[in-house]
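Contents: one structure, followed by commentary.
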Amino acid sequence: MNVIKFGGTSVANAENISRALGIVKQKKEKEPVIVIVSALGGVTDVLLNAAIAASEKDEVYKEALALLETRHLDAVKSLIPVTEQSAVLSHVKRELNHLETLLDGCYLLGELSERTKDLILSFGEVLSSYIISETLKAQGEDAGLADSRELIKTNSRYGKAVVNFEVTNHLLFDYFEQGNYRITVMPGFISQAADGHTTTLGRGGSDYTAAIVAAALEVPSLEIWTDVNGIYTANPKLVKQAEPIPYITFEEAMELSHFGAKVLYAPTIQPILSKDITLHIKNTFEPEAHGSTVSKVPEIKSENPIRGISNVDDITLITLEGPGMVGVSGFSKRLFDVISKENINVIFITQASSEHSICLGIVDAEAQKAEATINGEFGFEIQQGKIYPAIIENGLSIIAVVGENMKNHQGLSGRMFSSLGKNNINIRAIAQGASERNISAVIDRKDVKKALNTLHETFFEDATVQLNLFVMGVGNVGEKFLDQIQTQYNYLRDNLRINVRIAGLSNSRTMIFDEEGIDLANFKELLPDGEATSAEGFIAKIKELNLRNSIFVDNTASHDVAATYAQYLKNSIAVVTCNKVACSSEYENYKFLKNLSRQYNAPFLFETNVGAGLPIIDTLKNLIASGDRVHKIQAVLSGSLNFIFNNFNENTSFRDVVKQAMVEGYTEPDPKIDLSGIDVKRKLVILIRESGYDFEIDDIATVSFLPDHCMATTNNDDFLVSLENNAAHFNALYAKAAAQGDRLKFVATFENGKANVGLQFIPASHPFFNLEGKDNIVLFYTDRYADQPLIIKGAGAGAAVTASGIFADVIRIGNK
């Protein structure tokens, strides 16, 4: 005997039913088949909503009736030849008329009892099983219909009836011992109480029906056919990388189904576990796929101790606490007794060893009833101040990491909570059973998707890290950065196990988002159709998406954007920036951002603030971390100014060289920021602070080489004109340097607690003399580098090298 069950999606319409029956016909060639079927996909929800609407005097239930009639009659007309349709259509219409009568009764009475609800919900399976059995007969198969209500007997707990296995097993065995048909179709989900009224086995109860039948007949295996390839490592709708679990134990499957793995109804395991009946979960739409095999001892054991990650949503956490609970016996018993009397199912329990509090997790729908019940039971103690009124927290979810071999592996809980903490996922309560098959945690509902993806990445994805980047600024630097990301995508994934996805992008006008990743080949075409850009709107959207390993990349020079960094860091969103505004602002703000980074475990990286792609800040951090101390800094920190003075001579005009630097992207959008020394001051104060000194940018003296008239201009065109008008001034500076055999360099210096920036005449003997092009150079004099400084030298300006520095910071986060 072969027992197989088809879920709602497998029998949702005529096409799917035909596909399922093809599988049935293959099975019946070897041995007789019992086919348990669910209602047509979505029908149970339609029935429930119609019943509720009718009881609330809402005539929308009549529209539901019309929809149900259309779906079932269309199925009959598509599956059964015209010459044989008449009797089947008449029977279906009689059933629908009976349903209409029940719903009309609910409408007239304005109420819906649990008993009536079960009867109404039963019509989905009654109709589908009849249509499918008649289809098989019409196709010439030796098929018949067995009414589950006549064979599965329960108590009168409507909605989730308890099976009387002694009676049920006897009835099932006797019925199928007669061997009436080669194919027997049975409705799932429905059953009957001793008084003859229809009951149901709970949502998902068709799986349970199949397990009851399989256990009663003691068949070697049970097949459940659904619309996915088995039990997955996580919900594939939320975790795209989730994969089917080929082999899994009963205990692991039970844990996963209890904690929300919807492919399997949790009670299904119970009847077949004691009989050692192997369970196969298969995909109706991909029948050749292996699916999942559930057994006592898996055929192939996995080296990974974690088998899956699941979640239960719409959870309320109820906390009972108070000083009067400590050391007093009986509180827990009273709590669970009163909860049990109200038929409230407890999903999650945890109690502190101090005995000061106990937490229960229940479904949201039962929260109000539970609160009133608990407060009523402990009213006297609450009045006396011994305990406090029940604390209710809703909008929560439970996530669970499940695995039979977890008890044999140390550090799993540490990895779980560490990865969640890094992504700012707050844990409200924790529970771990003595069997150590699962670790459960209660979190905010809004964090479920991020939590599942984070944990799946941690335990299943071969150490591959998914980075979700939100990039603001796609000008010279930003565009080069995106080009580099696109070019190196495969290399990062294959060699560094880093998967980089651009989930958000913004220029000065518009911004776009896609949690699956923006197509970088077409972002220029996509951006104009985006929503209006705002710094606050950008972070609001990132928080709404709530993706794991989120990184904000600032390619702007905006003060407004820099002012938002704290909001990112407080939400455990890493910040990577080439914008020098934040780190060169008031020292208190700089320290505040650094402290937030540590507090929320959110990297704050700004390597490109000094030296573009040169590893200046990273080297300095390593010096300080290893115990060295910086005494003196000498540096040429402006690649743009170095480019300008290296190309300025007696054959060129100062104005033309500055214009060239602007065109080639070496200067800031406003070149006065470079030529006035402001940019160099920002870089120097960042180096001083990273060296461990409390220093403000206003403490740095500036020796300006620009005439006041040049600095007074308000736009770039006027600024260039002013440079041309003051050509004699710049020519005189060059002539003086040439006469002395020196070169002009804009130098930053820090020594003995004092700092200055300005144009200097550099002799041929100085390390700065031969600094060519747009290169930067930094000399660090430290305890360890006292006589000969530590020198870092290289290209310090340009969109490509700056973008590569930003890229390097992103990779640092991925490798962390």
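Just so we're on the same page: first chain in the structure tokens is A, next is B, and so on; residues restart at 1 for each chain, and ligands are numbered from 1 in the order they show up.
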
(Q) Show me, as a list in words, the residues that have an atom within 8 Å of Ile152 in chain A when counting only C-alpha atoms, minus same-chain residues fewer than 5 positions from it. (A) Val163, Asn164, Val167, Thr168, Leu171, Leu172, Ser191 and Gln192 of chain A

Take the residues from that selection and write them out as a PDB file, in the first residue's frame, keeping N, CA, C and O atoms.
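Result file again25.pdb:
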```
ATOM      1  N   VAL A 163      -7.380  13.040  17.965  1.00  0.00           N
ATOM      2  CA  VAL A 163      -7.773  11.775  17.342  1.00  0.00           C
ATOM      3  C   VAL A 163      -7.872  10.664  18.384  1.00  0.00           C
ATOM      4  O   VAL A 163      -7.013  10.521  19.263  1.00  0.00           O
ATOM      5  N   ASN A 164      -8.921   9.867  18.262  1.00  0.00           N
ATOM      6  CA  ASN A 164      -9.053   8.645  19.043  1.00  0.00           C
ATOM      7  C   ASN A 164      -8.388   7.535  18.216  1.00  0.00           C
ATOM      8  O   ASN A 164      -9.008   6.935  17.334  1.00  0.00           O
ATOM      9  N   VAL A 167      -9.893   3.704  18.070  1.00  0.00           N
ATOM     10  CA  VAL A 167     -11.031   3.512  17.182  1.00  0.00           C
ATOM     11  C   VAL A 167     -10.625   3.744  15.724  1.00  0.00           C
ATOM     12  O   VAL A 167     -10.981   2.979  14.824  1.00  0.00           O
ATOM     13  N   THR A 168      -9.889   4.837  15.492  1.00  0.00           N
ATOM     14  CA  THR A 168      -9.493   5.210  14.135  1.00  0.00           C
ATOM     15  C   THR A 168      -8.657   4.119  13.470  1.00  0.00           C
ATOM     16  O   THR A 168      -8.896   3.747  12.298  1.00  0.00           O
ATOM     17  N   LEU A 171     -10.833   1.217  12.402  1.00  0.00           N
ATOM     18  CA  LEU A 171     -11.675   1.533  11.247  1.00  0.00           C
ATOM     19  C   LEU A 171     -10.867   1.562   9.955  1.00  0.00           C
ATOM     20  O   LEU A 171     -11.304   1.025   8.918  1.00  0.00           O
ATOM     21  N   LEU A 172      -9.707   2.191   9.987  1.00  0.00           N
ATOM     22  CA  LEU A 172      -8.866   2.289   8.789  1.00  0.00           C
ATOM     23  C   LEU A 172      -8.369   0.914   8.355  1.00  0.00           C
ATOM     24  O   LEU A 172      -8.391   0.574   7.155  1.00  0.00           O
ATOM     25  N   SER A 191     -12.502  15.236   9.892  1.00  0.00           N
ATOM     26  CA  SER A 191     -12.711  14.042  10.724  1.00  0.00           C
ATOM     27  C   SER A 191     -14.094  14.165  11.357  1.00  0.00           C
ATOM     28  O   SER A 191     -14.878  15.049  10.995  1.00  0.00           O
ATOM     29  N   GLN A 192     -14.364  13.271  12.309  1.00  0.00           N
ATOM     30  CA  GLN A 192     -15.706  13.293  12.899  1.00  0.00           C
ATOM     31  C   GLN A 192     -15.640  12.969  14.390  1.00  0.00           C
ATOM     32  O   GLN A 192     -14.915  12.069  14.810  1.00  0.00           O
TER      33      GLN A 192
END
```

I want to know what sits within 9 Å of Met416 in chain A, based on only C-alpha atoms, with residues of the same chain fewer than 6 positions away left out; could you give that as a PDB file with N, CA, C and O atoms, in the first residue's frame?
```
ATOM      1  N   VAL A 401      17.287  27.919  15.617  1.00  0.00           N
ATOM      2  CA  VAL A 401      18.346  27.180  14.924  1.00  0.00           C
ATOM      3  C   VAL A 401      18.243  25.737  15.388  1.00  0.00           C
ATOM      4  O   VAL A 401      18.278  25.458  16.594  1.00  0.00           O
ATOM      5  N   ILE A 439      18.079  26.152  19.462  1.00  0.00           N
ATOM      6  CA  ILE A 439      18.253  27.374  20.246  1.00  0.00           C
ATOM      7  C   ILE A 439      17.246  28.360  19.689  1.00  0.00           C
ATOM      8  O   ILE A 439      17.236  28.642  18.486  1.00  0.00           O
ATOM      9  N   THR A 454      20.956  36.398   8.002  1.00  0.00           N
ATOM     10  CA  THR A 454      22.211  36.472   8.755  1.00  0.00           C
ATOM     11  C   THR A 454      22.625  35.099   9.262  1.00  0.00           C
ATOM     12  O   THR A 454      23.783  34.680   9.111  1.00  0.00           O
ATOM     13  N   LEU A 455      21.686  34.369   9.868  1.00  0.00           N
ATOM     14  CA  LEU A 455      22.000  33.055  10.411  1.00  0.00           C
ATOM     15  C   LEU A 455      22.283  32.042   9.303  1.00  0.00           C
ATOM     16  O   LEU A 455      23.147  31.179   9.443  1.00  0.00           O
ATOM     17  N   THR A 458      25.704  32.584   8.198  1.00  0.00           N
ATOM     18  CA  THR A 458      26.645  32.137   9.228  1.00  0.00           C
ATOM     19  C   THR A 458      26.831  30.630   9.211  1.00  0.00           C
ATOM     20  O   THR A 458      27.964  30.132   9.325  1.00  0.00           O
ATOM     21  N   PHE A 459      25.752  29.872   9.038  1.00  0.00           N
ATOM     22  CA  PHE A 459      25.832  28.424   9.225  1.00  0.00           C
ATOM     23  C   PHE A 459      25.801  27.599   7.939  1.00  0.00           C
ATOM     24  O   PHE A 459      26.135  26.419   7.977  1.00  0.00           O
TER      25      PHE A 459
END
```

Q. If we count only C-alpha atoms, what is near Asp628 in chain A at a cut-off of 8 Å, once residues fewer than 4 positions away on the same chain are taken out, given as a PyMOL selection string?
A. chain A and resi 623-624+782-784

Residues as selected, all heavy atoms, written as a JSON list (two decimals), in the first residue's frame, can you do that?
```
[["chain", "number", "residue", "atom", "x", "y", "z"],
["A", 623, "LEU", "N", 50.19, 51.29, 13.97],
["A", 623, "LEU", "CA", 51.28, 51.81, 14.81],
["A", 623, "LEU", "C", 50.78, 52.07, 16.23],
["A", 623, "LEU", "O", 51.39, 51.63, 17.21],
["A", 623, "LEU", "CB", 51.82, 53.11, 14.22],
["A", 623, "LEU", "CG", 52.74, 53.03, 13.01],
["A", 623, "LEU", "CD1", 53.10, 54.44, 12.53],
["A", 623, "LEU", "CD2", 54.01, 52.25, 13.32],
["A", 624, "ILE", "N", 49.67, 52.76, 16.33],
["A", 624, "ILE", "CA", 49.12, 53.13, 17.64],
["A", 624, "ILE", "C", 48.68, 51.89, 18.40],
["A", 624, "ILE", "O", 48.93, 51.74, 19.60],
["A", 624, "ILE", "CB", 47.95, 54.12, 17.48],
["A", 624, "ILE", "CG1", 48.41, 55.39, 16.75],
["A", 624, "ILE", "CG2", 47.36, 54.46, 18.84],
["A", 624, "ILE", "CD1", 49.56, 56.11, 17.39],
["A", 782, "THR", "N", 58.18, 58.55, 15.09],
["A", 782, "THR", "CA", 57.58, 57.91, 16.26],
["A", 782, "THR", "C", 58.66, 57.43, 17.20],
["A", 782, "THR", "O", 59.86, 57.60, 16.94],
["A", 782, "THR", "CB", 56.72, 56.71, 15.83],
["A", 782, "THR", "OG1", 57.58, 55.65, 15.39],
["A", 782, "THR", "CG2", 55.76, 57.08, 14.69],
["A", 783, "ASP", "N", 58.25, 56.80, 18.30],
["A", 783, "ASP", "CA", 59.23, 56.20, 19.21],
["A", 783, "ASP", "C", 60.12, 55.20, 18.47],
["A", 783, "ASP", "O", 61.32, 55.13, 18.70],
["A", 783, "ASP", "CB", 58.50, 55.49, 20.36],
["A", 783, "ASP", "CG", 57.88, 56.46, 21.35],
["A", 783, "ASP", "OD1", 58.23, 57.65, 21.30],
["A", 783, "ASP", "OD2", 57.02, 56.03, 22.15],
["A", 784, "ARG", "N", 59.49, 54.44, 17.60],
["A", 784, "ARG", "CA", 60.24, 53.39, 16.88],
["A", 784, "ARG", "C", 60.90, 53.92, 15.62],
["A", 784, "ARG", "O", 61.87, 53.33, 15.14],
["A", 784, "ARG", "CB", 59.29, 52.24, 16.54],
["A", 784, "ARG", "CG", 58.71, 51.54, 17.78],
["A", 784, "ARG", "CD", 57.64, 50.52, 17.41],
["A", 784, "ARG", "NE", 56.94, 50.05, 18.60],
["A", 784, "ARG", "CZ", 55.73, 49.53, 18.59],
["A", 784, "ARG", "NH1", 55.08, 49.42, 17.45],
["A", 784, "ARG", "NH2", 55.16, 49.12, 19.72]]
```

Q: Using only C-alpha atoms, determine which residues lie at most 9 Å from Pro763 in chain A, disregarding the query and same-chain residues fewer than 5 positions distant; provide the list as a list in words.
A: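 Selected residues are Ala737, Gln740, Gly741, Asp742, Arg743, Phe768 and Phe769 of chain A.
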
Report as a short mmCIF file (atom, residue, chain, number, x, y, z; two decimals) with all heavy atoms, in the first residue's frame all protein, DNA and RNA residues lying within 10 Å of Glu724 in chain A, evaluated on only C-alpha atoms, omitting residues in the same chain fewer than 6 positions from it.
```
data_model
loop_
_atom_site.label_atom_id
_atom_site.label_comp_id
_atom_site.auth_asym_id
_atom_site.auth_seq_id
_atom_site.Cartn_x
_atom_site.Cartn_y
_atom_site.Cartn_z
N SER A 653 50.70 79.02 -17.31
CA SER A 653 50.07 79.97 -16.40
C SER A 653 49.46 79.21 -15.23
O SER A 653 48.99 78.07 -15.39
CB SER A 653 48.99 80.78 -17.12
OG SER A 653 47.81 80.01 -17.29
N PHE A 654 49.48 79.82 -14.07
CA PHE A 654 48.93 79.18 -12.88
C PHE A 654 47.45 78.87 -13.08
O PHE A 654 46.96 77.79 -12.72
CB PHE A 654 49.13 80.08 -11.66
CG PHE A 654 48.85 79.40 -10.36
CD1 PHE A 654 49.73 78.45 -9.85
CD2 PHE A 654 47.69 79.67 -9.64
CE1 PHE A 654 49.47 77.81 -8.65
CE2 PHE A 654 47.42 79.04 -8.44
CZ PHE A 654 48.32 78.09 -7.95
N ARG A 655 46.75 79.77 -13.73
CA ARG A 655 45.32 79.59 -13.98
C ARG A 655 45.07 78.36 -14.84
O ARG A 655 44.17 77.56 -14.55
CB ARG A 655 44.77 80.84 -14.66
CG ARG A 655 43.27 80.81 -14.97
CD ARG A 655 43.01 80.39 -16.41
NE ARG A 655 41.60 80.41 -16.72
CZ ARG A 655 41.04 79.70 -17.67
NH1 ARG A 655 41.77 78.85 -18.40
NH2 ARG A 655 39.74 79.78 -17.91
N ASP A 656 45.86 78.15 -15.88
CA ASP A 656 45.65 77.01 -16.78
C ASP A 656 45.94 75.67 -16.09
O ASP A 656 45.25 74.68 -16.33
CB ASP A 656 46.54 77.15 -18.02
CG ASP A 656 46.07 78.28 -18.94
OD1 ASP A 656 44.93 78.73 -18.78
OD2 ASP A 656 46.87 78.71 -19.81
N CYS A 710 41.28 86.45 -4.55
CA CYS A 710 40.95 85.12 -5.09
C CYS A 710 39.99 84.38 -4.15
O CYS A 710 39.04 83.72 -4.59
CB CYS A 710 42.22 84.29 -5.29
SG CYS A 710 43.38 85.00 -6.49
N ASP A 718 34.65 82.85 -11.68
CA ASP A 718 35.27 84.06 -11.13
C ASP A 718 36.61 83.74 -10.48
O ASP A 718 37.56 84.54 -10.54
CB ASP A 718 34.34 84.72 -10.11
CG ASP A 718 33.12 85.35 -10.75
OD1 ASP A 718 33.13 85.50 -11.99
OD2 ASP A 718 32.16 85.68 -10.02
N PHE A 730 51.81 84.68 -8.68
CA PHE A 730 52.18 83.26 -8.75
C PHE A 730 53.50 83.07 -9.49
O PHE A 730 54.32 82.22 -9.11
CB PHE A 730 51.05 82.47 -9.42
CG PHE A 730 49.74 82.59 -8.71
CD1 PHE A 730 48.65 83.21 -9.31
CD2 PHE A 730 49.59 82.11 -7.41
CE1 PHE A 730 47.45 83.34 -8.64
CE2 PHE A 730 48.38 82.22 -6.74
CZ PHE A 730 47.32 82.84 -7.35
#
```
